[in-house]
>>> print(open('protein_34.tsv').read())   # TSV, C-alpha atoms and all ligand atoms
chain	number	residue	atom	x	y	z
H	22	MET	CA	14.42	9.60	7.77
H	23	PHE	CA	12.05	9.21	10.67
H	24	ASP	CA	9.02	6.96	10.33
H	25	GLU	CA	6.69	4.61	12.22
H	26	ARG	CA	9.30	1.86	12.24
H	27	ALA	CA	11.94	4.15	13.75
H	28	LEU	CA	9.45	5.16	16.44
H	29	LYS	CA	8.75	1.54	17.33
H	30	GLU	CA	12.45	0.82	17.50
H	31	LEU	CA	13.02	3.77	19.85
H	32	ALA	CA	10.19	2.49	22.07
H	33	SER	CA	12.10	-0.75	22.56
H	34	VAL	CA	15.38	0.91	23.59
H	35	GLU	CA	16.31	0.64	27.26
H	36	ALA	CA	19.68	1.41	28.80
H	37	GLU	CA	21.40	0.55	32.07
H	38	GLY	CA	22.29	4.20	32.56
H	39	PRO	CA	20.82	7.59	31.56
H	40	ILE	CA	19.96	8.27	27.93
H	41	LEU	CA	20.13	11.90	26.86
H	42	SER	CA	17.10	12.93	24.77
H	43	VAL	CA	17.40	16.25	22.92
H	44	TYR	CA	14.73	18.10	20.96
H	45	LEU	CA	15.89	21.24	19.22
H	46	ASN	CA	13.96	23.80	17.24
H	47	VAL	CA	16.22	24.41	14.21
H	48	ASP	CA	13.59	26.09	12.03
H	49	SER	CA	15.63	28.43	9.83
H	50	THR	CA	12.61	30.69	9.32
H	51	GLN	CA	12.66	31.43	13.06
H	52	ARG	CA	16.32	31.36	14.10
H	53	ASN	CA	19.89	30.91	12.90
H	54	SER	CA	22.38	28.20	13.86
H	55	GLU	CA	24.12	30.37	16.48
H	56	GLU	CA	20.81	30.89	18.25
H	57	TYR	CA	19.87	27.22	18.46
H	58	LYS	CA	23.39	26.16	19.43
H	59	LEU	CA	23.24	28.66	22.27
H	60	GLU	CA	19.87	27.33	23.35
H	61	LEU	CA	21.23	23.79	23.33
H	62	ARG	CA	24.17	24.78	25.54
H	63	GLU	CA	21.76	26.41	28.01
H	64	LEU	CA	19.48	23.38	28.06
H	65	LEU	CA	22.38	20.99	28.62
H	66	LYS	CA	23.73	23.15	31.42
H	67	CYS	CA	20.39	23.06	33.27
H	68	LYS	CA	20.16	19.28	33.07
H	69	ALA	CA	23.88	18.61	33.44
H	70	ASP	CA	23.50	16.69	36.71
H	71	GLY	CA	22.25	13.39	35.34
H	72	ILE	CA	24.05	13.40	31.99
H	73	ASP	CA	27.32	11.73	31.09
H	74	ASN	CA	29.81	14.24	29.75
H	75	GLU	CA	30.53	12.11	26.69
H	76	ASP	CA	26.87	12.35	25.67
H	77	ILE	CA	26.97	16.14	25.95
H	78	GLU	CA	30.13	16.18	23.84
H	79	ALA	CA	28.66	13.79	21.27
H	80	VAL	CA	25.60	16.00	20.77
H	81	LYS	CA	27.67	19.17	20.50
H	82	ARG	CA	30.03	17.47	18.06
H	83	TYR	CA	27.13	16.31	15.93
H	84	LEU	CA	25.74	19.84	15.68
H	85	GLU	CA	29.13	21.28	14.90
H	86	TYR	CA	30.38	18.80	12.29
H	87	ASP	CA	27.73	16.34	11.08
H	88	TYR	CA	24.37	18.06	11.05
H	89	ASP	CA	23.69	19.64	7.65
H	90	GLY	CA	21.23	22.27	8.90
H	91	SER	CA	18.24	20.68	7.14
H	92	GLY	CA	14.74	20.35	8.55
H	93	ARG	CA	12.84	22.24	11.23
H	94	GLY	CA	13.29	19.97	14.21
H	95	LEU	CA	16.30	18.02	15.37
H	96	VAL	CA	15.91	15.01	17.66
H	97	ILE	CA	18.85	13.17	19.22
H	98	PHE	CA	19.12	10.26	21.66
H	99	SER	CA	22.54	9.48	23.07
H	100	ARG	CA	24.05	7.02	25.52
H	101	GLN	CA	27.65	6.65	24.34
H	102	ALA	CA	28.62	4.26	27.15
H	103	GLU	CA	26.17	1.68	25.76
H	104	GLY	CA	26.55	2.47	22.07
H	105	ILE	CA	23.15	4.15	21.78
H	106	TRP	CA	22.94	6.96	19.23
H	107	TYR	CA	20.02	8.17	17.12
H	108	ALA	CA	19.76	11.50	15.30
H	109	TYR	CA	16.80	12.62	13.19
H	110	SER	CA	16.21	15.80	11.29
H	111	LEU	CA	12.46	16.35	10.95
H	112	ALA	CA	10.61	18.38	8.32
H	113	VAL	CA	8.10	19.37	11.03
H	114	PRO	CA	8.75	21.68	14.00
H	115	VAL	CA	9.53	20.58	17.57
H	116	CYS	CA	9.78	22.47	20.87
H	117	SER	CA	13.28	22.51	22.33
H	118	GLY	CA	13.89	20.46	25.45
H	119	VAL	CA	16.27	18.03	27.11
H	120	THR	CA	15.31	14.91	29.08
H	121	VAL	CA	17.41	12.32	30.87
H	122	ALA	CA	15.98	8.85	31.54
H	123	ARG	CA	16.70	5.16	31.08
H	124	ARG	CA	14.64	5.17	27.91
H	125	PRO	CA	14.42	7.67	25.03
H	126	TYR	CA	11.83	10.38	25.69
H	127	ILE	CA	9.53	9.77	22.72
H	128	SER	CA	6.23	11.53	23.55
H	129	PRO	CA	6.90	14.58	21.33
H	130	LEU	CA	7.77	12.25	18.43
H	131	VAL	CA	4.67	10.17	19.09
H	132	GLU	CA	2.58	13.32	18.96
H	133	ARG	CA	4.11	14.44	15.66
H	134	ASP	CA	3.75	10.99	14.15
H	135	GLY	CA	0.06	11.03	15.12
H	136	LEU	CA	-0.35	14.42	13.52
H	137	TYR	CA	1.86	14.26	10.42
H	138	GLY	CA	2.66	10.57	9.97
H	139	ARG	CA	1.84	8.65	6.76
H	140	TYR	CA	-0.63	10.68	4.76
H	141	ALA	CA	-1.40	11.05	1.07
H	142	VAL	CA	-2.47	14.03	-1.00
H	143	ALA	CA	-4.23	13.53	-4.33
H	144	LEU	CA	-4.82	16.45	-6.67
H	145	VAL	CA	-7.40	15.67	-9.33
H	146	ASP	CA	-8.62	17.36	-12.45
H	147	ARG	CA	-10.83	16.26	-15.33
H	148	GLN	CA	-8.03	14.43	-17.04
H	149	GLY	CA	-6.07	12.74	-14.26
H	150	GLY	CA	-4.39	13.06	-10.91
H	151	LYS	CA	-1.16	13.74	-9.05
H	152	PHE	CA	-0.53	11.68	-5.94
H	153	HIS	CA	1.87	12.44	-3.09
H	154	PHE	CA	2.79	10.32	-0.13
H	155	PHE	CA	4.23	12.24	2.84
H	156	ASP	CA	5.61	11.01	6.13
H	157	MET	CA	6.28	13.57	8.88
H	158	GLY	CA	6.24	16.35	6.29
H	159	GLU	CA	8.71	14.64	3.96
H	160	LEU	CA	7.72	13.71	0.43
H	161	VAL	CA	8.40	9.98	0.11
H	162	ASP	CA	6.78	9.24	-3.25
H	163	GLN	CA	5.01	11.11	-6.01
H	164	ARG	CA	3.15	9.73	-9.00
H	165	GLY	CA	0.80	10.97	-11.65
H	166	PHE	CA	-1.96	9.52	-13.77
H	167	VAL	CA	-2.89	11.06	-17.12
H	168	GLY	CA	-6.10	10.02	-18.85
H	169	GLU	CA	-7.44	11.00	-22.23
H	170	ASP	CA	-7.28	14.65	-23.20
H	171	VAL	CA	-10.67	16.20	-22.46
H	172	HIS	CA	-10.10	19.35	-24.43
H	173	HIS	CA	-9.67	17.80	-27.84
H	174	THR	CA	-13.42	17.13	-27.98
H	175	ARG	CA	-13.97	20.88	-27.99
H	176	ARG	CA	-12.63	23.65	-30.11
H	177	GLY	CA	-9.49	24.75	-28.34
H	178	ARG	CA	-9.08	25.13	-24.60
H	179	GLY	CA	-12.21	27.22	-24.14
H	180	SER	CA	-14.60	27.25	-21.21
H	181	SER	CA	-17.33	24.65	-20.94
H	182	VAL	CA	-19.87	27.35	-21.79
H	183	HIS	CA	-18.06	27.93	-25.03
H	184	GLY	CA	-17.97	24.17	-25.54
H	185	MET	CA	-21.70	23.82	-25.11
H	186	ARG	CA	-22.44	26.67	-27.42
H	187	GLY	CA	-19.91	25.78	-30.05
H	188	GLY	CA	-20.33	22.00	-30.01
H	189	SER	CA	-23.40	19.86	-30.29
H	190	GLN	CA	-25.33	18.12	-27.49
H	191	LEU	CA	-23.47	14.99	-28.43
H	192	SER	CA	-19.99	16.47	-27.86
H	193	GLY	CA	-21.17	17.77	-24.47
H	194	ARG	CA	-22.27	14.28	-23.49
H	195	ARG	CA	-19.15	12.76	-24.96
H	196	GLU	CA	-17.06	15.14	-22.87
H	197	ALA	CA	-18.92	14.19	-19.68
H	198	GLU	CA	-18.36	10.51	-20.45
H	199	LEU	CA	-14.72	11.11	-21.08
H	200	VAL	CA	-14.29	13.01	-17.80
H	201	ASN	CA	-16.14	10.26	-15.97
H	202	ARG	CA	-13.89	7.60	-17.45
H	203	ASN	CA	-10.78	9.63	-16.59
H	204	LEU	CA	-11.98	10.03	-12.99
H	205	LYS	CA	-12.65	6.29	-12.70
H	206	GLU	CA	-9.21	5.42	-14.02
H	207	THR	CA	-7.63	8.01	-11.74
H	208	ALA	CA	-9.48	6.37	-8.83
H	209	VAL	CA	-8.01	2.99	-9.77
H	210	ALA	CA	-4.51	4.48	-9.94
H	211	LEU	CA	-4.97	6.22	-6.57
H	212	THR	CA	-6.24	2.98	-5.03
H	213	GLU	CA	-3.06	1.23	-6.16
H	214	PHE	CA	-0.98	4.10	-4.77
H	215	CYS	CA	-2.73	3.78	-1.40
H	216	GLN	CA	-2.38	0.00	-1.37
H	217	GLU	CA	1.33	0.45	-1.83
H	218	HIS	CA	1.91	3.14	0.80
H	219	LEU	CA	-0.92	2.47	3.29
H	220	PRO	CA	-1.55	6.10	4.30
H	221	ARG	CA	-3.55	6.69	7.47
H	222	ARG	CA	-5.23	9.74	5.95
H	223	LEU	CA	-5.93	11.10	2.50
H	224	LEU	CA	-6.39	14.73	1.50
H	225	LEU	CA	-7.90	15.71	-1.85
H	226	GLY	CA	-7.29	18.84	-3.87
H	227	GLY	CA	-8.54	20.35	-7.10
H	228	ALA	CA	-11.66	22.12	-8.38
H	229	GLU	CA	-14.54	21.44	-6.01
H	230	PRO	CA	-17.04	19.93	-8.53
H	231	THR	CA	-14.34	17.62	-9.92
H	232	VAL	CA	-13.32	16.48	-6.42
H	233	ALA	CA	-16.98	15.82	-5.56
H	234	LYS	CA	-17.41	13.68	-8.69
H	235	PHE	CA	-14.14	11.93	-8.00
H	236	ARG	CA	-15.32	10.88	-4.54
H	237	GLU	CA	-18.39	9.27	-6.14
H	238	VAL	CA	-16.19	6.89	-8.12
H	239	LEU	CA	-13.58	6.31	-5.41
H	240	PRO	CA	-13.77	2.78	-3.91
H	241	ALA	CA	-15.12	2.78	-0.32
H	242	PRO	CA	-11.87	1.76	1.46
H	243	VAL	CA	-10.02	4.70	-0.12
H	244	ASN	CA	-12.94	7.08	0.30
H	245	GLU	CA	-12.95	6.33	4.03
H	246	LEU	CA	-9.38	7.60	4.26
H	247	VAL	CA	-10.40	11.06	3.05
H	248	VAL	CA	-10.34	13.53	5.93
H	249	GLY	CA	-10.42	16.85	4.12
H	250	SER	CA	-9.92	18.94	1.01
H	251	LEU	CA	-7.01	21.22	0.24
H	252	GLY	CA	-7.64	24.57	-1.36
H	253	VAL	CA	-4.79	24.19	-3.84
H	254	ASP	CA	-4.71	24.31	-7.60
H	255	PHE	CA	-4.01	21.18	-9.65
H	256	GLU	CA	-0.73	22.74	-10.77
H	257	ALA	CA	0.46	23.40	-7.19
H	258	GLY	CA	4.09	22.49	-6.51
H	259	GLU	CA	5.52	20.26	-3.78
H	260	VAL	CA	6.22	23.09	-1.31
H	261	GLU	CA	2.71	24.47	-1.54
H	262	VAL	CA	1.12	21.03	-1.25
H	263	ARG	CA	3.23	20.21	1.79
H	264	GLU	CA	2.66	23.50	3.63
H	265	GLN	CA	-1.08	23.50	2.97
H	266	SER	CA	-1.48	19.87	3.94
H	267	LEU	CA	0.47	20.28	7.20
H	268	ALA	CA	-1.72	23.26	8.09
H	269	LEU	CA	-4.90	21.34	7.28
H	270	LEU	CA	-3.80	18.33	9.34
H	271	ARG	CA	-3.20	20.61	12.33
H	272	GLU	CA	-6.66	22.05	11.91
H	273	LEU	CA	-8.31	18.65	11.58
H	274	GLU	CA	-6.45	17.37	14.63
H	275	GLN	CA	-8.58	19.51	16.95
H	276	GLU	CA	-11.76	18.03	15.58
H	277	ARG	CA	-10.40	14.50	15.71
H	278	HIS	CA	-9.27	14.87	19.32
H	279	GLU	CA	-12.65	16.23	20.33
H	280	LYS	CA	-14.27	13.07	18.95
H	281	VAL	CA	-11.83	10.60	20.47
H	282	VAL	CA	-11.93	12.27	23.91
H	283	GLU	CA	-15.72	12.16	23.78
H	284	ALA	CA	-15.63	8.47	22.81
H	285	LEU	CA	-13.32	7.79	25.76
H	286	MET	CA	-15.45	9.67	28.28
H	287	THR	CA	-18.65	8.00	27.07
H	288	SER	CA	-17.26	4.47	27.09
H	289	ALA	CA	-15.59	4.97	30.47
H	290	ALA	CA	-18.81	6.36	31.98
H	291	LYS	CA	-20.77	3.40	30.65
H	292	GLY	CA	-18.16	0.89	31.78
H	293	LEU	CA	-17.55	-0.21	28.21
H	294	ASN	CA	-14.14	-0.38	26.52
H	295	GLY	CA	-12.64	2.75	28.05
H	296	VAL	CA	-10.76	3.54	31.26
H	297	VAL	CA	-9.64	6.86	32.73
H	298	GLY	CA	-7.04	7.88	35.29
H	299	LEU	CA	-3.40	6.84	35.62
H	300	ASP	CA	-3.99	3.78	37.85
H	301	GLN	CA	-6.46	2.08	35.55
H	302	THR	CA	-4.61	3.14	32.41
H	303	LEU	CA	-1.34	1.62	33.62
H	304	SER	CA	-3.20	-1.54	34.50
H	305	VAL	CA	-4.63	-2.02	30.97
H	306	ALA	CA	-1.32	-0.94	29.40
H	307	ASN	CA	0.42	-3.72	31.34
H	308	GLU	CA	-2.01	-6.20	29.84
H	309	GLY	CA	-1.35	-4.91	26.32
H	310	ARG	CA	-5.03	-4.06	25.89
H	311	VAL	CA	-4.64	-0.42	24.82
H	312	GLN	CA	-5.90	0.42	21.34
H	313	VAL	CA	-5.69	4.19	21.76
H	314	LEU	CA	-3.92	5.91	24.63
H	315	LEU	CA	-5.03	9.48	25.25
H	316	VAL	CA	-2.68	11.61	27.23
H	317	GLU	CA	-2.54	15.27	28.08
H	318	ARG	CA	0.50	17.05	26.67
H	319	ASP	CA	3.22	17.55	29.33
H	320	TYR	CA	1.53	15.32	31.89
H	321	HIS	CA	4.25	13.64	33.97
H	322	GLN	CA	3.83	11.56	37.07
H	323	SER	CA	6.26	9.37	38.96
H	324	GLY	CA	5.44	5.70	39.54
H	325	TYR	CA	6.92	2.25	39.97
H	326	GLN	CA	8.06	-0.36	37.55
H	327	CYS	CA	8.88	-4.04	38.06
H	328	THR	CA	12.50	-4.66	37.19
H	329	GLY	CA	11.55	-8.19	36.15
H	330	CYS	CA	8.63	-7.89	33.75
H	331	GLY	CA	8.18	-4.13	33.32
H	332	TYR	CA	4.82	-4.00	35.12
H	333	LEU	CA	3.85	-0.35	35.79
H	334	THR	CA	1.94	0.91	38.80
H	335	THR	CA	1.37	4.06	40.82
H	336	GLN	CA	1.62	2.15	44.10
H	337	ARG	CA	4.76	1.00	45.85
H	338	LEU	CA	4.51	-2.79	46.09
H	339	ASN	CA	6.99	-5.11	47.73
H	340	ARG	CA	6.98	-7.81	45.11
H	341	CYS	CA	5.53	-8.04	41.63
H	342	ILE	CA	2.35	-10.13	41.66
H	343	PHE	CA	3.23	-11.51	38.23
H	344	CYS	CA	6.91	-12.36	38.35
H	345	GLY	CA	7.98	-11.79	41.96
H	346	GLY	CA	10.42	-9.11	40.77
H	347	GLU	CA	11.30	-5.97	42.68
H	348	PHE	CA	9.97	-2.53	41.95
H	349	THR	CA	11.99	0.54	41.22
H	350	GLU	CA	10.71	4.10	41.34
H	351	ILE	CA	10.57	5.76	37.93
H	352	PRO	CA	10.35	9.53	37.39
H	353	ASP	CA	7.73	9.37	34.65
H	354	ALA	CA	5.17	6.56	34.62
H	355	VAL	CA	3.14	8.41	31.98
H	356	GLU	CA	6.03	8.36	29.52
H	357	ALA	CA	6.60	4.70	30.38
H	358	ALA	CA	2.97	3.96	29.46
H	359	VAL	CA	3.36	5.86	26.15
H	360	THR	CA	6.46	3.82	25.32
H	361	GLN	CA	4.76	0.56	26.24
H	362	VAL	CA	1.73	1.28	24.06
H	363	VAL	CA	3.89	2.26	21.05
H	364	GLU	CA	5.98	-0.86	21.49
H	365	LYS	CA	2.88	-3.06	21.54
H	366	GLY	CA	1.47	-1.48	18.39
H	367	GLY	CA	-1.23	0.75	19.93
H	368	THR	CA	-1.91	4.37	19.00
H	369	VAL	CA	-1.12	7.34	21.22
H	370	GLU	CA	-2.95	10.64	20.98
H	371	VAL	CA	-1.31	13.55	22.79
H	372	VAL	CA	-4.11	16.05	23.40
H	373	ASP	CA	-4.38	19.63	24.61
H	374	GLU	CA	-4.64	20.14	28.32
H	375	GLU	CA	-8.09	21.73	28.40
H	376	ARG	CA	-9.63	18.91	26.38
H	377	MET	CA	-8.99	16.18	28.94
H	378	GLU	CA	-10.44	18.13	31.88
H	379	ASP	CA	-9.36	16.45	35.15
H	380	THR	CA	-8.76	13.05	33.60
H	381	ARG	CA	-5.30	13.71	32.13
H	382	ILE	CA	-4.90	10.16	30.84
H	383	GLY	CA	-7.15	7.37	29.61
H	384	ALA	CA	-7.36	4.51	27.15
H	385	LEU	CA	-9.72	2.95	24.65
H	386	LEU	CA	-9.26	-0.83	24.77
H	387	ARG	CA	-8.86	-3.47	22.14
H	388	TYR	CA	-11.20	-5.82	23.97
Y	1	ZN	ZN	7.09	-8.32	37.36
>>> encode(input="protein_34.tsv", output="structure tokens", more="lines below")
Ligand SMILES: [Zn+2]
Amino acid sequence: MFDERALKELASVEAEGPILSVYLNVDSTQRNSEEYKLELRELLKCKADGIDNEDIEAVKRYLEYDYDGSGRGLVIFSRQAEGIWYAYSLAVPVCSGVTVARRPYISPLVERDGLYGRYAVALVDRQGGKFHFFDMGELVDQRGFVGEDVHHTRRGRGSSVHGMRGGSQLSGRREAELVNRNLKETAVALTEFCQEHLPRRLLLGGAEPTVAKFREVLPAPVNELVVGSLGVDFEAGEVEVREQSLALLRELEQERHEKVVEALMTSAAKGLNGVVGLDQTLSVANEGRVQVLLVERDYHQSGYQCTGCGYLTTQRLNRCIFCGGEFTEIPDAVEAAVTQVVEKGGTVEVVDEERMEDTRIGALLRY
């Protein structure tokens, strides 16, 4: 399966010759296998110039014989001549496209990892919780915590109104205490779950008053991971939890991007820890200073790269000022910056065109 580690590995891959990168929409709710195979053939025909025939054959063979039809998005990187082959079936959708370059084209994967990578969903009720850890839409782990039965303090499984009327003040208070203790223990269990899986985001689900109380007893480091609430029932199954959480993450993404773009613009305007524009961004990426790279979706720009140390620039220089190496023209300096930031452990946010205005690319710095 595809995860953060796989992404980092891809960012480090570089070939002597052209690597074929393929993204294919294989979502069975939208199209059948004949349709996406046809699209692939068309895409490969358009780009055929730069691609080795054996890579085309390898991809076609994979689709014909090895791919099991699972997932919504298929991503393949192939350079047979140098033994490079990666194939991932993703549980999240991709847009079809083919790219040929010396390195794998990873921006669409980076975007999806930013959106759907490493998140947890906790459903809580008055007695316990159900925890899910997803990565790129795939359920990686699931665990439950069951506290003491709340209902046995009342007569049957009646409503709380019935409970108040039927029971005494004392049993009402006892019930509240019991619920509180259950929520606290659930919070401890969820904290352990998060310590184990290190999600970047946490979504909560369940009855609204219970979720609100739960957040009061949730330790601060876990509470800070909470980005939203799911409108699903405690009994919701895996499919419902996944679909709802993916939809919510997409929704929240807009808000998050608005904030991070604003932070970039403000800090760049004030000359603080932000830079904008390709020139300056490449310069800080070279130095490994990028904490968050913000880049407009589908922004491509040619540039130059030192064959010695990998230094990126928009200007043609004779010799590298760092290593004396020679520069070679590269078709996509933006993609090269994305790869460099992923490799060095920074975050990349691929944002909608209109949000970046004329800037197109920028970076928030580590220092
Ligand atoms: Zn150099």
>>> residues_around(input="protein_34.tsv", residues="Cys116 of chain H", least_positions_apart="5", cutoff="12 Å", atoms="all atoms listed in the file", output="compact mmCIF listing (two decimals) with C-alpha atoms, keeping the file's coordinate frame")
# COMPACT_ATOMS: atom_id res chain seq x y z
CA VAL H 43 17.40 16.25 22.92
CA TYR H 44 14.73 18.10 20.96
CA LEU H 45 15.89 21.24 19.22
CA ASN H 46 13.96 23.80 17.24
CA VAL H 47 16.22 24.41 14.21
CA ASP H 48 13.59 26.09 12.03
CA TYR H 57 19.87 27.22 18.46
CA GLU H 60 19.87 27.33 23.35
CA LEU H 61 21.23 23.79 23.33
CA ARG H 93 12.84 22.24 11.23
CA GLY H 94 13.29 19.97 14.21
CA LEU H 95 16.30 18.02 15.37
CA VAL H 96 15.91 15.01 17.66
CA LEU H 111 12.46 16.35 10.95
CA SER H 128 6.23 11.53 23.55
CA PRO H 129 6.90 14.58 21.33
CA LEU H 130 7.77 12.25 18.43
CA GLU H 132 2.58 13.32 18.96
CA ARG H 133 4.11 14.44 15.66
CA ASP H 319 3.22 17.55 29.33
>>> closest_residue(input="protein_34.tsv", among="H:Ala79, H:Ala143, H:Val243, H:Ala208", to="Phe155 of chain H", atoms="all atoms listed in the file")
H:Ala143
>>> closest_residue(input="protein_34.tsv", among="H:Gln322, H:Ala241, H:Gln216, H:Arg147", to="Glu198 of chain H", atoms="all atoms listed in the file")
H:Arg147
>>> residues_near_ligand(input="protein_34.tsv", ligand="ligand ZN 1 (chain Y)", cutoff="8 Å", atoms="all atoms listed in the file", output="PDB file with C-alpha atoms, in the frame of the given file")
ATOM      1  CA  CYS H 327       8.880  -4.040  38.060  1.00  0.00           C
ATOM      2  CA  THR H 328      12.500  -4.660  37.190  1.00  0.00           C
ATOM      3  CA  GLY H 329      11.550  -8.190  36.150  1.00  0.00           C
ATOM      4  CA  CYS H 330       8.630  -7.890  33.750  1.00  0.00           C
ATOM      5  CA  GLY H 331       8.180  -4.130  33.320  1.00  0.00           C
ATOM      6  CA  TYR H 332       4.820  -4.000  35.120  1.00  0.00           C
ATOM      7  CA  ARG H 340       6.980  -7.810  45.110  1.00  0.00           C
ATOM      8  CA  CYS H 341       5.530  -8.040  41.630  1.00  0.00           C
ATOM      9  CA  ILE H 342       2.350 -10.130  41.660  1.00  0.00           C
ATOM     10  CA  PHE H 343       3.230 -11.510  38.230  1.00  0.00           C
ATOM     11  CA  CYS H 344       6.910 -12.360  38.350  1.00  0.00           C
ATOM     12  CA  GLY H 345       7.980 -11.790  41.960  1.00  0.00           C
ATOM     13  CA  GLY H 346      10.420  -9.110  40.770  1.00  0.00           C
ATOM     14  CA  GLU H 347      11.300  -5.970  42.680  1.00  0.00           C
ATOM     15  CA  PHE H 348       9.970  -2.530  41.950  1.00  0.00           C
TER      16      PHE H 348
END
>>> atom_distance(input="protein_34.tsv", atom1="atom CA of Arg124 of chain H", atom2="atom CA of His321 of chain H")
14.7 Å
>>> closest_residue(input="protein_34.tsv", among="H:Arg194, H:Lys291, H:Arg310, H:Arg139", to="Glu217 of chain H", atoms="all atoms listed in the file")
H:Arg139
>>> residues_around(input="protein_34.tsv", residues="Val363 of chain H", least_positions_apart="4", cutoff="8 Å", atoms="all atoms listed in the file", output="PyMOL selection string")
chain H and resi 28-29+32+359+367-369
>>> atom_distance(input="protein_34.tsv", atom1="atom CA of Arg381 of chain H", atom2="atom CA of Glu308 of chain H")
20.3 Å
>>> atom_distance(input="protein_34.tsv", atom1="atom CA of Val316 of chain H", atom2="atom CA of Leu338 of chain H")
24.8 Å
>>> closest_residue(input="protein_34.tsv", among="H:Leu239, H:Val297, H:Val121, H:Ala210", to="Asp70 of chain H", atoms="all atoms listed in the file")
H:Val121
>>> residues_around(input="protein_34.tsv", residues="Ser99 of chain H", least_positions_apart="4", cutoff="7 Å", atoms="all atoms listed in the file", output="PyMOL selection string")
chain H and resi 40-42+76+105-107
>>> closest_residue(input="protein_34.tsv", among="H:Val372, H:Ala358, H:Leu204, H:Leu199", to="Val145 of chain H", atoms="all atoms listed in the file")
H:Leu204
>>> residues_near_point(input="protein_34.tsv", point="(-7.6, 23.1, -2.1)", cutoff="10 Å", atoms="all atoms listed in the file", output="PDB file with C-alpha atoms, in the coordinates of the input")
ATOM      1  CA  LEU H 144      -4.820  16.450  -6.670  1.00  0.00           C
ATOM      2  CA  LEU H 224      -6.390  14.730   1.500  1.00  0.00           C
ATOM      3  CA  LEU H 225      -7.900  15.710  -1.850  1.00  0.00           C
ATOM      4  CA  GLY H 226      -7.290  18.840  -3.870  1.00  0.00           C
ATOM      5  CA  GLY H 227      -8.540  20.350  -7.100  1.00  0.00           C
ATOM      6  CA  ALA H 228     -11.660  22.120  -8.380  1.00  0.00           C
ATOM      7  CA  GLU H 229     -14.540  21.440  -6.010  1.00  0.00           C
ATOM      8  CA  VAL H 232     -13.320  16.480  -6.420  1.00  0.00           C
ATOM      9  CA  GLY H 249     -10.420  16.850   4.120  1.00  0.00           C
ATOM     10  CA  SER H 250      -9.920  18.940   1.010  1.00  0.00           C
ATOM     11  CA  LEU H 251      -7.010  21.220   0.240  1.00  0.00           C
ATOM     12  CA  GLY H 252      -7.640  24.570  -1.360  1.00  0.00           C
ATOM     13  CA  VAL H 253      -4.790  24.190  -3.840  1.00  0.00           C
ATOM     14  CA  ASP H 254      -4.710  24.310  -7.600  1.00  0.00           C
ATOM     15  CA  PHE H 255      -4.010  21.180  -9.650  1.00  0.00           C
ATOM     16  CA  ALA H 257       0.460  23.400  -7.190  1.00  0.00           C
ATOM     17  CA  VAL H 262       1.120  21.030  -1.250  1.00  0.00           C
ATOM     18  CA  GLN H 265      -1.080  23.500   2.970  1.00  0.00           C
ATOM     19  CA  SER H 266      -1.480  19.870   3.940  1.00  0.00           C
ATOM     20  CA  LEU H 269      -4.900  21.340   7.280  1.00  0.00           C
TER      21      LEU H 269
END
>>> residues_around(input="protein_34.tsv", residues="Leu386 of chain H", least_positions_apart="5", cutoff="8 Å", atoms="all atoms listed in the file", output="ChimeraX atom specification")
/H:294-296,305,310-313
>>> closest_residue(input="protein_34.tsv", among="H:Ser192, H:Asn339, H:Thr287, H:Gln326", to="Gly383 of chain H", atoms="only C-alpha atoms")
H:Thr287
>>> residues_near_point(input="protein_34.tsv", point="(7.3, -1.4, 22.6)", cutoff="8 Å", atoms="all atoms listed in the file", output="PyMOL selection string")
chain H and resi 29-30+32-33+360-366
>>> residues_around(input="protein_34.tsv", residues="Gly168 of chain H", least_positions_apart="2", cutoff="12 Å", atoms="only C-alpha atoms", output="ChimeraX atom specification")
/H:145-151,165-166,170-172,199-210
>>> decode(input="protein_34.tsv", residues="segment 363-368 of chain H", atoms="N, CA, C and O atoms", output="tab-separated table (two decimals), in the first residue's frame")
chain	number	residue	atom	x	y	z
H	363	VAL	N	9.96	17.12	-0.48
H	363	VAL	CA	9.49	15.84	0.07
H	363	VAL	C	10.68	15.02	0.56
H	363	VAL	O	10.67	14.46	1.66
H	364	GLU	N	11.72	15.01	-0.22
H	364	GLU	CA	12.91	14.23	0.12
H	364	GLU	C	13.54	14.72	1.43
H	364	GLU	O	14.02	13.94	2.23
H	365	LYS	N	13.49	16.04	1.63
H	365	LYS	CA	14.11	16.62	2.82
H	365	LYS	C	13.15	16.70	4.00
H	365	LYS	O	13.45	17.33	5.01
H	366	GLY	N	11.98	16.10	3.86
H	366	GLY	CA	11.07	16.00	5.00
H	366	GLY	C	10.15	17.20	5.20
H	366	GLY	O	9.50	17.32	6.24
H	367	GLY	N	10.07	18.10	4.23
H	367	GLY	CA	9.12	19.21	4.34
H	367	GLY	C	7.74	18.80	3.88
H	367	GLY	O	7.54	17.68	3.41
H	368	THR	N	6.77	19.71	4.02
H	368	THR	CA	5.39	19.44	3.61
H	368	THR	C	5.11	20.21	2.32
H	368	THR	O	5.61	21.31	2.15
